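This is entry05.cif (mmCIF, C-alpha atoms and all ligand atoms).
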```
data_entry
#
loop_
_atom_site.label_atom_id
_atom_site.label_comp_id
_atom_site.auth_asym_id
_atom_site.auth_seq_id
_atom_site.Cartn_x
_atom_site.Cartn_y
_atom_site.Cartn_z
CA MET A 1 -22.10 -25.03 37.49
CA ALA A 2 -21.26 -23.83 33.91
CA ARG A 3 -23.88 -21.51 32.42
CA LYS A 4 -25.54 -22.66 29.21
CA LEU A 5 -24.35 -20.62 26.19
CA THR A 6 -27.70 -19.53 24.79
CA ARG A 7 -27.91 -17.54 21.57
CA PRO A 8 -28.65 -14.20 23.30
CA ARG A 9 -25.65 -14.74 25.59
CA LEU A 10 -23.38 -15.53 22.62
CA GLU A 11 -24.65 -12.46 20.75
CA ALA A 12 -24.07 -10.26 23.80
CA ALA A 13 -20.53 -11.65 24.11
CA GLY A 14 -19.92 -10.92 20.40
CA VAL A 15 -21.10 -7.32 20.73
CA ALA A 16 -18.85 -6.90 23.78
CA CYS A 17 -15.89 -8.24 21.78
CA VAL A 18 -16.50 -5.85 18.87
CA LEU A 19 -16.87 -2.91 21.27
CA ALA A 20 -13.67 -3.91 23.07
CA LEU A 21 -11.84 -4.06 19.72
CA LEU A 22 -13.09 -0.65 18.59
CA THR A 23 -12.29 1.01 21.88
CA SER A 24 -8.78 -0.37 22.28
CA PRO A 25 -6.20 2.41 21.88
CA ARG A 26 -4.50 0.51 19.06
CA ALA A 27 -7.75 0.05 17.12
CA ARG A 28 -8.58 3.74 17.56
CA ARG A 29 -5.10 4.74 16.34
CA ARG A 30 -5.47 2.54 13.25
CA HIS A 31 -8.94 3.93 12.54
CA ARG A 32 -7.76 7.55 12.85
CA PHE A 33 -4.65 7.09 10.72
CA ALA A 34 -4.93 8.86 7.34
CA LEU A 35 -2.76 10.85 4.94
CA GLN A 36 -4.80 13.48 3.15
CA SER A 37 -4.59 16.12 0.46
CA ALA A 38 -7.41 18.10 -1.16
CA SER A 39 -7.87 15.35 -3.77
CA HIS A 40 -6.76 12.06 -2.12
CA MET A 41 -7.01 10.13 1.12
CA LEU A 42 -4.79 7.20 2.11
CA ARG A 43 -5.75 4.92 5.00
CA LEU A 44 -5.44 1.35 6.25
CA PRO A 45 -7.78 -1.20 4.64
CA ARG A 46 -10.95 -2.13 6.54
CA ALA A 47 -13.28 -5.14 6.31
CA SER A 48 -15.92 -2.87 4.75
CA ASP A 49 -13.58 -2.22 1.76
CA TYR A 50 -13.88 -5.81 0.57
CA GLY A 51 -16.53 -5.19 -2.14
CA ALA A 52 -14.75 -2.19 -3.70
CA TRP A 53 -11.34 -3.88 -3.47
CA HIS A 54 -12.63 -7.11 -5.02
CA LYS A 55 -14.26 -5.26 -7.93
CA LEU A 56 -11.24 -3.04 -8.65
CA ARG A 57 -8.66 -5.84 -8.45
CA THR A 58 -10.78 -8.27 -10.49
CA GLU A 59 -11.36 -5.70 -13.24
CA SER A 60 -7.62 -4.84 -13.25
CA ARG A 61 -6.28 -8.39 -13.07
CA ASP A 62 -4.74 -8.56 -16.59
CA PHE A 63 -3.23 -5.09 -16.11
CA LEU A 64 -1.63 -5.88 -12.72
CA GLN A 65 -0.63 -9.56 -12.96
CA PRO A 66 2.54 -9.07 -15.11
CA TRP A 67 4.03 -6.90 -12.33
CA GLU A 68 2.89 -8.78 -9.22
CA PRO A 69 3.37 -12.18 -7.52
CA VAL A 70 0.98 -14.83 -8.88
CA TRP A 71 -2.47 -14.45 -7.31
CA SER A 72 -3.29 -17.53 -5.21
CA ALA A 73 -6.55 -19.44 -5.67
CA GLU A 74 -7.91 -17.86 -2.44
CA GLU A 75 -6.53 -14.40 -3.25
CA MET A 76 -9.90 -12.75 -3.83
CA THR A 77 -12.00 -14.46 -1.12
CA ARG A 78 -13.51 -12.56 1.80
CA ASN A 79 -11.68 -14.87 4.21
CA SER A 80 -8.32 -14.09 2.61
CA PHE A 81 -9.13 -10.35 2.76
CA ARG A 82 -9.98 -10.68 6.48
CA LYS A 83 -6.62 -12.38 7.12
CA ARG A 84 -4.87 -9.69 5.09
CA ILE A 85 -6.39 -7.01 7.33
CA GLU A 86 -5.27 -8.88 10.46
CA ARG A 87 -1.72 -8.98 9.06
CA VAL A 88 -1.82 -5.31 8.01
CA ASN A 89 -2.99 -4.32 11.50
CA LEU A 90 -0.29 -6.37 13.25
CA GLU A 91 2.42 -4.89 11.02
CA PHE A 92 1.09 -1.35 11.55
CA ASP A 93 1.09 -1.85 15.33
CA ALA A 94 4.63 -3.25 15.19
CA GLY A 95 5.85 -0.37 12.99
CA SER A 96 7.24 -2.79 10.40
CA SER A 97 4.97 -1.96 7.46
CA ILE A 98 2.11 0.39 6.56
CA GLN A 99 -0.20 -0.86 3.84
CA LEU A 100 -2.52 1.88 2.59
CA PHE A 101 -5.50 2.02 0.29
CA ILE A 102 -5.67 5.08 -1.97
CA PHE A 103 -9.04 6.85 -2.24
CA GLN A 104 -9.95 9.60 -4.65
CA LYS A 105 -12.17 12.24 -3.01
CA ASP A 106 -15.42 13.65 -4.45
CA PRO A 107 -16.78 11.11 -5.01
CA GLU A 108 -14.84 8.98 -2.53
CA ARG A 109 -13.74 5.77 -4.22
CA LEU A 110 -10.98 3.21 -3.88
CA ILE A 111 -8.51 3.53 -6.77
CA GLY A 112 -5.32 1.70 -5.70
CA GLY A 113 -2.85 0.89 -2.96
CA ILE A 114 0.61 1.80 -1.73
CA THR A 115 2.73 0.05 0.91
CA ILE A 116 5.51 1.47 3.04
CA GLY A 117 7.13 -1.93 3.55
CA LEU A 118 10.19 -3.45 5.19
CA ILE A 119 10.66 -0.55 7.61
CA ARG A 120 14.10 -0.96 9.12
CA ARG A 121 15.27 1.10 12.09
CA GLY A 122 18.64 1.19 13.83
CA VAL A 123 21.52 2.00 11.55
CA ALA A 124 19.41 1.60 8.35
CA GLN A 125 16.34 3.89 8.83
CA MET A 126 14.86 2.88 5.47
CA CYS A 127 11.84 1.32 3.83
CA MET A 128 10.75 -0.25 0.52
CA LEU A 129 7.73 1.04 -1.42
CA GLY A 130 5.26 -1.09 -3.35
CA TYR A 131 2.20 0.18 -5.23
CA TRP A 132 -0.63 -0.63 -7.65
CA MET A 133 -3.33 1.36 -9.40
CA GLY A 134 -6.70 0.13 -10.70
CA GLU A 135 -6.48 0.00 -14.50
CA GLN A 136 -9.26 2.51 -15.13
CA TYR A 137 -7.51 5.07 -12.89
CA ALA A 138 -3.94 4.57 -14.19
CA GLY A 139 -2.10 7.28 -16.12
CA LYS A 140 -4.14 10.09 -14.53
CA GLY A 141 -1.59 11.31 -11.98
CA HIS A 142 -3.14 9.52 -8.97
CA MET A 143 -0.05 7.51 -7.96
CA PHE A 144 2.19 10.53 -8.29
CA ALA A 145 -0.18 12.43 -5.95
CA ALA A 146 -0.23 9.51 -3.48
CA LEU A 147 3.58 9.30 -3.59
CA GLN A 148 3.85 12.97 -2.57
CA LEU A 149 1.84 12.28 0.59
CA VAL A 150 3.73 9.10 1.39
CA ILE A 151 7.21 10.56 0.85
CA ARG A 152 6.38 13.54 3.08
CA TYR A 153 5.07 11.18 5.78
CA ILE A 154 8.11 8.87 5.57
CA PHE A 155 10.66 11.66 5.93
CA ASP A 156 8.78 14.00 8.31
CA GLU A 157 6.79 11.64 10.56
CA LEU A 158 8.52 8.25 10.39
CA ARG A 159 11.83 10.13 10.17
CA LEU A 160 13.38 7.54 7.88
CA HIS A 161 16.43 8.46 5.85
CA ARG A 162 16.08 6.37 2.70
CA ILE A 163 13.18 5.14 0.54
CA GLU A 164 13.79 2.29 -1.88
CA ALA A 165 11.62 0.94 -4.70
CA ALA A 166 12.39 -1.71 -7.29
CA CYS A 167 10.78 -2.51 -10.61
CA ILE A 168 11.27 -4.87 -13.53
CA PRO A 169 13.38 -3.08 -16.19
CA THR A 170 10.55 -3.26 -18.76
CA ASN A 171 8.08 -1.55 -16.41
CA MET A 172 8.42 1.89 -17.96
CA ARG A 173 5.38 3.27 -16.12
CA SER A 174 6.83 2.46 -12.72
CA ALA A 175 10.37 3.63 -13.58
CA SER A 176 9.09 6.95 -14.99
CA LEU A 177 6.87 7.48 -11.96
CA LEU A 178 9.81 7.02 -9.58
CA GLN A 179 12.13 9.27 -11.56
CA LYS A 180 9.47 11.96 -11.78
CA ALA A 181 9.13 11.76 -7.98
CA GLY A 182 12.88 12.36 -7.58
CA PHE A 183 14.15 8.81 -7.13
CA ARG A 184 17.59 7.97 -8.52
CA LYS A 185 18.41 4.74 -10.33
CA GLU A 186 20.99 3.01 -8.14
CA GLY A 187 21.58 -0.48 -9.32
CA TYR A 188 20.54 -3.77 -10.83
CA LEU A 189 19.21 -6.64 -8.72
CA HIS A 190 19.58 -10.04 -10.38
CA LYS A 191 16.62 -12.44 -9.99
CA TYR A 192 15.43 -10.23 -7.12
CA LEU A 193 11.72 -11.07 -6.75
CA ARG A 194 9.41 -13.84 -7.94
CA ILE A 195 6.97 -11.88 -10.08
CA ASN A 196 4.26 -13.42 -12.24
CA GLY A 197 5.72 -16.88 -11.54
CA GLN A 198 9.37 -16.16 -12.40
CA TRP A 199 12.42 -14.83 -10.55
CA GLN A 200 12.90 -11.50 -12.26
CA ASP A 201 15.72 -8.94 -12.41
CA HIS A 202 14.84 -5.51 -11.00
CA GLN A 203 16.17 -2.00 -11.15
CA LEU A 204 16.70 -0.44 -7.75
CA PHE A 205 15.62 3.17 -7.22
CA ALA A 206 16.16 5.23 -4.08
CA LEU A 207 15.32 8.63 -2.63
CA ILE A 208 17.53 9.97 0.16
CA LYS A 209 16.16 12.46 2.68
CA GLU A 210 18.75 15.19 2.14
CA GLU A 211 18.32 14.91 -1.66
CA ASP A 212 14.52 15.22 -1.55
CA VAL A 213 13.54 18.39 -3.40
CA ARG A 214 10.30 18.64 -1.37
CA LYS A 215 12.63 19.61 1.55
CA GLY A 216 11.39 20.73 4.93
CA ASN A 217 13.64 18.00 6.34
C1 LIG A 301 2.97 1.98 -12.11
C2 LIG A 301 1.65 2.57 -11.64
C3 LIG A 301 1.48 2.31 -10.14
C4 LIG A 301 1.71 4.10 -11.87
O1 LIG A 301 0.52 4.70 -11.37
P1 LIG A 301 -0.27 5.78 -12.21
O2 LIG A 301 -1.37 6.33 -11.35
O3 LIG A 301 -0.63 5.18 -13.50
O4 LIG A 301 0.87 6.88 -12.43
P2 LIG A 301 0.59 8.43 -12.66
O5 LIG A 301 -0.59 8.62 -13.56
O6 LIG A 301 0.61 9.12 -11.35
O7 LIG A 301 1.85 8.85 -13.52
C5 LIG A 301 2.99 9.38 -12.93
C6 LIG A 301 4.13 9.23 -13.88
O8 LIG A 301 4.34 7.86 -14.17
C7 LIG A 301 4.75 7.74 -15.52
N1 LIG A 301 3.72 7.05 -16.32
C8 LIG A 301 2.41 6.85 -16.02
N2 LIG A 301 1.81 6.14 -17.01
C9 LIG A 301 2.77 5.89 -17.92
C10 LIG A 301 2.79 5.17 -19.16
N3 LIG A 301 1.70 4.58 -19.65
N4 LIG A 301 3.97 5.09 -19.83
C11 LIG A 301 5.10 5.65 -19.34
N5 LIG A 301 5.12 6.36 -18.18
C12 LIG A 301 3.99 6.46 -17.48
C13 LIG A 301 4.93 9.13 -16.05
O9 LIG A 301 6.21 9.60 -15.73
C14 LIG A 301 3.92 9.87 -15.24
O10 LIG A 301 4.15 11.23 -15.20
P3 LIG A 301 3.54 12.18 -16.38
O11 LIG A 301 2.08 11.88 -16.47
O12 LIG A 301 3.84 13.56 -15.93
O13 LIG A 301 4.26 11.77 -17.64
C15 LIG A 301 0.42 1.98 -12.39
O14 LIG A 301 0.55 2.26 -13.75
C16 LIG A 301 0.26 0.49 -12.17
O15 LIG A 301 -0.37 0.06 -11.21
N6 LIG A 301 0.80 -0.32 -13.09
C17 LIG A 301 0.64 -1.78 -13.05
C18 LIG A 301 1.22 -2.43 -11.78
C19 LIG A 301 2.63 -1.98 -11.51
O16 LIG A 301 3.41 -1.72 -12.41
N7 LIG A 301 2.99 -1.90 -10.22
C20 LIG A 301 4.31 -1.46 -9.80
C21 LIG A 301 5.29 -2.59 -9.75
S1 LIG A 301 6.95 -2.02 -9.42
#
```
Kindly return the structure encoded in the file as structure tokens.
Ligand SMILES: CC(C)(COP(=O)(O)OP(=O)(O)OC[C@H]1O[C@@H](n2cnc3c(N)ncnc32)[C@H](O)[C@@H]1OP(=O)(O)O)[C@@H](O)C(=O)NCCC(=O)NCCS
Amino acid sequence: MARKLTRPRLEAAGVACVLALLTSPRARRRHRFALQSASHMLRLPRASDYGAWHKLRTESRDFLQPWEPVWSAEEMTRNSFRKRIERVNLEFDAGSSIQLFIFQKDPERLIGGITIGLIRRGVAQMCMLGYWMGEQYAGKGHMFAALQLVIRYIFDELRLHRIEAACIPTNMRSASLLQKAGFRKEGYLHKYLRINGQWQDHQLFALIKEEDVRKGN
């Protein structure tokens, strides 16, 4: 005979599920993953980041929107954030993309994000970077610092050979950031991505492992 699902039984089952999730090797690996310097820490987003993420993105909306895909109506909901984390975790486990939140240390606070996306293996061994910074933290050297950690990780740990990034030609901040980090302008991509509601041309930048001045490769 089927046992009645009383509230205590359901709660016990829920606790068991959470414990199973936290103790799975994959969950532990995700939780441990971090890129760190004395001043910054980059890690995967967690459900507990929702409040800080919501505040930072909402306050920075006018600053970010011209350079990003249109935010959907559900973009900022907790449910959408939960689904985003599920997707981030799946992609991390599959090795196809690593979406990181950027934290400033002392005091620890969320300031932006950077994604090592479209990781291609085989004959390509490359990835595509995407990034954003909260408006109040922009222009203070934080993304440059985060890029140093990410570039080192991509070449030394992921052992990729090429890092690409693309930006709209009028995005001087992004273009200057990439050039300062050693990226070379490689080409022009017509109507490459749908940004802020329109298919927009982009400039393609790339950094090749053997040309990286940080070396150690
Ligand atoms: C582009 C962006 C991620 C740069 O991050 P950031 O933390 O502001 O960049 P940093 O402070 O680390 O600056 C690094 C370099 O970027 C360039 N830069 C930063 N702010 C700039 C500005 N207002 N004008 C021109 N260049 C600028 C400079 O080369 C700078 O180096 P410098 O300070 O030695 O001159 C951030 O400004 C942002 O999120 N912008 C809006 C969204 C966006 O453009 N996303 C990228 C889409 S491709």
Have a look at A:Arg194, A:Lys185, A:Arg109, A:His142 and name the one nearest to ligand LIG 301 (chain A); count all atoms listed in the file. A:His142
Report, in Å to a single decimal, how far apart CA of Ile102 in chain A and CA of Arg43 in chain A are.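 Rounded to one decimal, the two atoms are 7.0 Å apart.
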Please, which residues in chain A fall within 6 Å of ligand LIG 301 (chain A) when counting only C-alpha atoms and all ligand atoms, and what is the closest atom pair and distance in Å to one decimal for each, ordered by chain then residue number, as JSON lines?
```
{"residue": "A:Phe63", "atom": "CA", "partner": "A:LIG301", "partner_atom": "C17", "distance": 5.9}
{"residue": "A:Leu64", "atom": "CA", "partner": "A:LIG301", "partner_atom": "C18", "distance": 4.6}
{"residue": "A:Trp67", "atom": "CA", "partner": "A:LIG301", "partner_atom": "C21", "distance": 5.2}
{"residue": "A:Tyr131", "atom": "CA", "partner": "A:LIG301", "partner_atom": "C20", "distance": 5.3}
{"residue": "A:Trp132", "atom": "CA", "partner": "A:LIG301", "partner_atom": "O15", "distance": 3.6}
{"residue": "A:Met133", "atom": "CA", "partner": "A:LIG301", "partner_atom": "O15", "distance": 3.7}
{"residue": "A:Ala138", "atom": "CA", "partner": "A:LIG301", "partner_atom": "O3", "distance": 3.4}
{"residue": "A:Gly139", "atom": "CA", "partner": "A:LIG301", "partner_atom": "O5", "distance": 3.3}
{"residue": "A:Lys140", "atom": "CA", "partner": "A:LIG301", "partner_atom": "O5", "distance": 4.0}
{"residue": "A:Gly141", "atom": "CA", "partner": "A:LIG301", "partner_atom": "O6", "distance": 3.2}
{"residue": "A:His142", "atom": "CA", "partner": "A:LIG301", "partner_atom": "O2", "distance": 4.4}
{"residue": "A:Met143", "atom": "CA", "partner": "A:LIG301", "partner_atom": "O6", "distance": 3.8}
{"residue": "A:Phe144", "atom": "CA", "partner": "A:LIG301", "partner_atom": "O6", "distance": 3.7}
{"residue": "A:Ala166", "atom": "CA", "partner": "A:LIG301", "partner_atom": "S1", "distance": 5.9}
{"residue": "A:Cys167", "atom": "CA", "partner": "A:LIG301", "partner_atom": "S1", "distance": 4.0}
{"residue": "A:Met172", "atom": "CA", "partner": "A:LIG301", "partner_atom": "C11", "distance": 5.2}
{"residue": "A:Arg173", "atom": "CA", "partner": "A:LIG301", "partner_atom": "N5", "distance": 3.7}
{"residue": "A:Ser174", "atom": "CA", "partner": "A:LIG301", "partner_atom": "C1", "distance": 3.9}
{"residue": "A:Ser176", "atom": "CA", "partner": "A:LIG301", "partner_atom": "O9", "distance": 4.0}
{"residue": "A:Leu177", "atom": "CA", "partner": "A:LIG301", "partner_atom": "O8", "distance": 3.4}
{"residue": "A:Lys180", "atom": "CA", "partner": "A:LIG301", "partner_atom": "O9", "distance": 5.6}
```
Take the residues just selected and output them with C-alpha atoms as a short mmCIF file (atom, residue, chain, number, x, y, z; two decimals), keeping the file's coordinate frame.
```cif
data_model
loop_
_atom_site.label_atom_id
_atom_site.label_comp_id
_atom_site.auth_asym_id
_atom_site.auth_seq_id
_atom_site.Cartn_x
_atom_site.Cartn_y
_atom_site.Cartn_z
CA PHE A 63 -3.23 -5.09 -16.11
CA LEU A 64 -1.63 -5.88 -12.72
CA TRP A 67 4.03 -6.90 -12.33
CA TYR A 131 2.20 0.18 -5.23
CA TRP A 132 -0.63 -0.63 -7.65
CA MET A 133 -3.33 1.36 -9.40
CA ALA A 138 -3.94 4.57 -14.19
CA GLY A 139 -2.10 7.28 -16.12
CA LYS A 140 -4.14 10.09 -14.53
CA GLY A 141 -1.59 11.31 -11.98
CA HIS A 142 -3.14 9.52 -8.97
CA MET A 143 -0.05 7.51 -7.96
CA PHE A 144 2.19 10.53 -8.29
CA ALA A 166 12.39 -1.71 -7.29
CA CYS A 167 10.78 -2.51 -10.61
CA MET A 172 8.42 1.89 -17.96
CA ARG A 173 5.38 3.27 -16.12
CA SER A 174 6.83 2.46 -12.72
CA SER A 176 9.09 6.95 -14.99
CA LEU A 177 6.87 7.48 -11.96
CA LYS A 180 9.47 11.96 -11.78
#
```
What is the CA of Phe155 in chain A to CA of Arg121 in chain A distance in Å?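 These two atoms are separated by 13.1 Å.
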For Arg120 in chain A, which residue among A:Gly182, A:Pro66, A:Gly95, A:Pro169 is the nearest when counting only C-alpha atoms? A:Gly95
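Picture a line from CA of Leu149 in chain A to CA of Ser97 in chain A; it runs 16.1 Å.
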Sphere at (-0.1, -1.8, 7.0), radius 12 Å, counting only C-alpha atoms: residues as a PDB file with C-alpha atoms, keeping the file's coordinate frame:
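Below is the file that was written, part24.pdb:
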```pdb
ATOM      1  CA  ARG A  30      -5.470   2.540  13.250  1.00  0.00           C
ATOM      2  CA  HIS A  31      -8.940   3.930  12.540  1.00  0.00           C
ATOM      3  CA  PHE A  33      -4.650   7.090  10.720  1.00  0.00           C
ATOM      4  CA  ALA A  34      -4.930   8.860   7.340  1.00  0.00           C
ATOM      5  CA  LEU A  42      -4.790   7.200   2.110  1.00  0.00           C
ATOM      6  CA  ARG A  43      -5.750   4.920   5.000  1.00  0.00           C
ATOM      7  CA  LEU A  44      -5.440   1.350   6.250  1.00  0.00           C
ATOM      8  CA  PRO A  45      -7.780  -1.200   4.640  1.00  0.00           C
ATOM      9  CA  ARG A  46     -10.950  -2.130   6.540  1.00  0.00           C
ATOM     10  CA  ARG A  84      -4.870  -9.690   5.090  1.00  0.00           C
ATOM     11  CA  ILE A  85      -6.390  -7.010   7.330  1.00  0.00           C
ATOM     12  CA  GLU A  86      -5.270  -8.880  10.460  1.00  0.00           C
ATOM     13  CA  ARG A  87      -1.720  -8.980   9.060  1.00  0.00           C
ATOM     14  CA  VAL A  88      -1.820  -5.310   8.010  1.00  0.00           C
ATOM     15  CA  ASN A  89      -2.990  -4.320  11.500  1.00  0.00           C
ATOM     16  CA  LEU A  90      -0.290  -6.370  13.250  1.00  0.00           C
ATOM     17  CA  GLU A  91       2.420  -4.890  11.020  1.00  0.00           C
ATOM     18  CA  PHE A  92       1.090  -1.350  11.550  1.00  0.00           C
ATOM     19  CA  ASP A  93       1.090  -1.850  15.330  1.00  0.00           C
ATOM     20  CA  ALA A  94       4.630  -3.250  15.190  1.00  0.00           C
ATOM     21  CA  GLY A  95       5.850  -0.370  12.990  1.00  0.00           C
ATOM     22  CA  SER A  96       7.240  -2.790  10.400  1.00  0.00           C
ATOM     23  CA  SER A  97       4.970  -1.960   7.460  1.00  0.00           C
ATOM     24  CA  ILE A  98       2.110   0.390   6.560  1.00  0.00           C
ATOM     25  CA  GLN A  99      -0.200  -0.860   3.840  1.00  0.00           C
ATOM     26  CA  LEU A 100      -2.520   1.880   2.590  1.00  0.00           C
ATOM     27  CA  PHE A 101      -5.500   2.020   0.290  1.00  0.00           C
ATOM     28  CA  GLY A 113      -2.850   0.890  -2.960  1.00  0.00           C
ATOM     29  CA  ILE A 114       0.610   1.800  -1.730  1.00  0.00           C
ATOM     30  CA  THR A 115       2.730   0.050   0.910  1.00  0.00           C
ATOM     31  CA  ILE A 116       5.510   1.470   3.040  1.00  0.00           C
ATOM     32  CA  GLY A 117       7.130  -1.930   3.550  1.00  0.00           C
ATOM     33  CA  LEU A 118      10.190  -3.450   5.190  1.00  0.00           C
ATOM     34  CA  ILE A 119      10.660  -0.550   7.610  1.00  0.00           C
ATOM     35  CA  LEU A 129       7.730   1.040  -1.420  1.00  0.00           C
ATOM     36  CA  GLY A 130       5.260  -1.090  -3.350  1.00  0.00           C
TER      37      GLY A 130
END
```
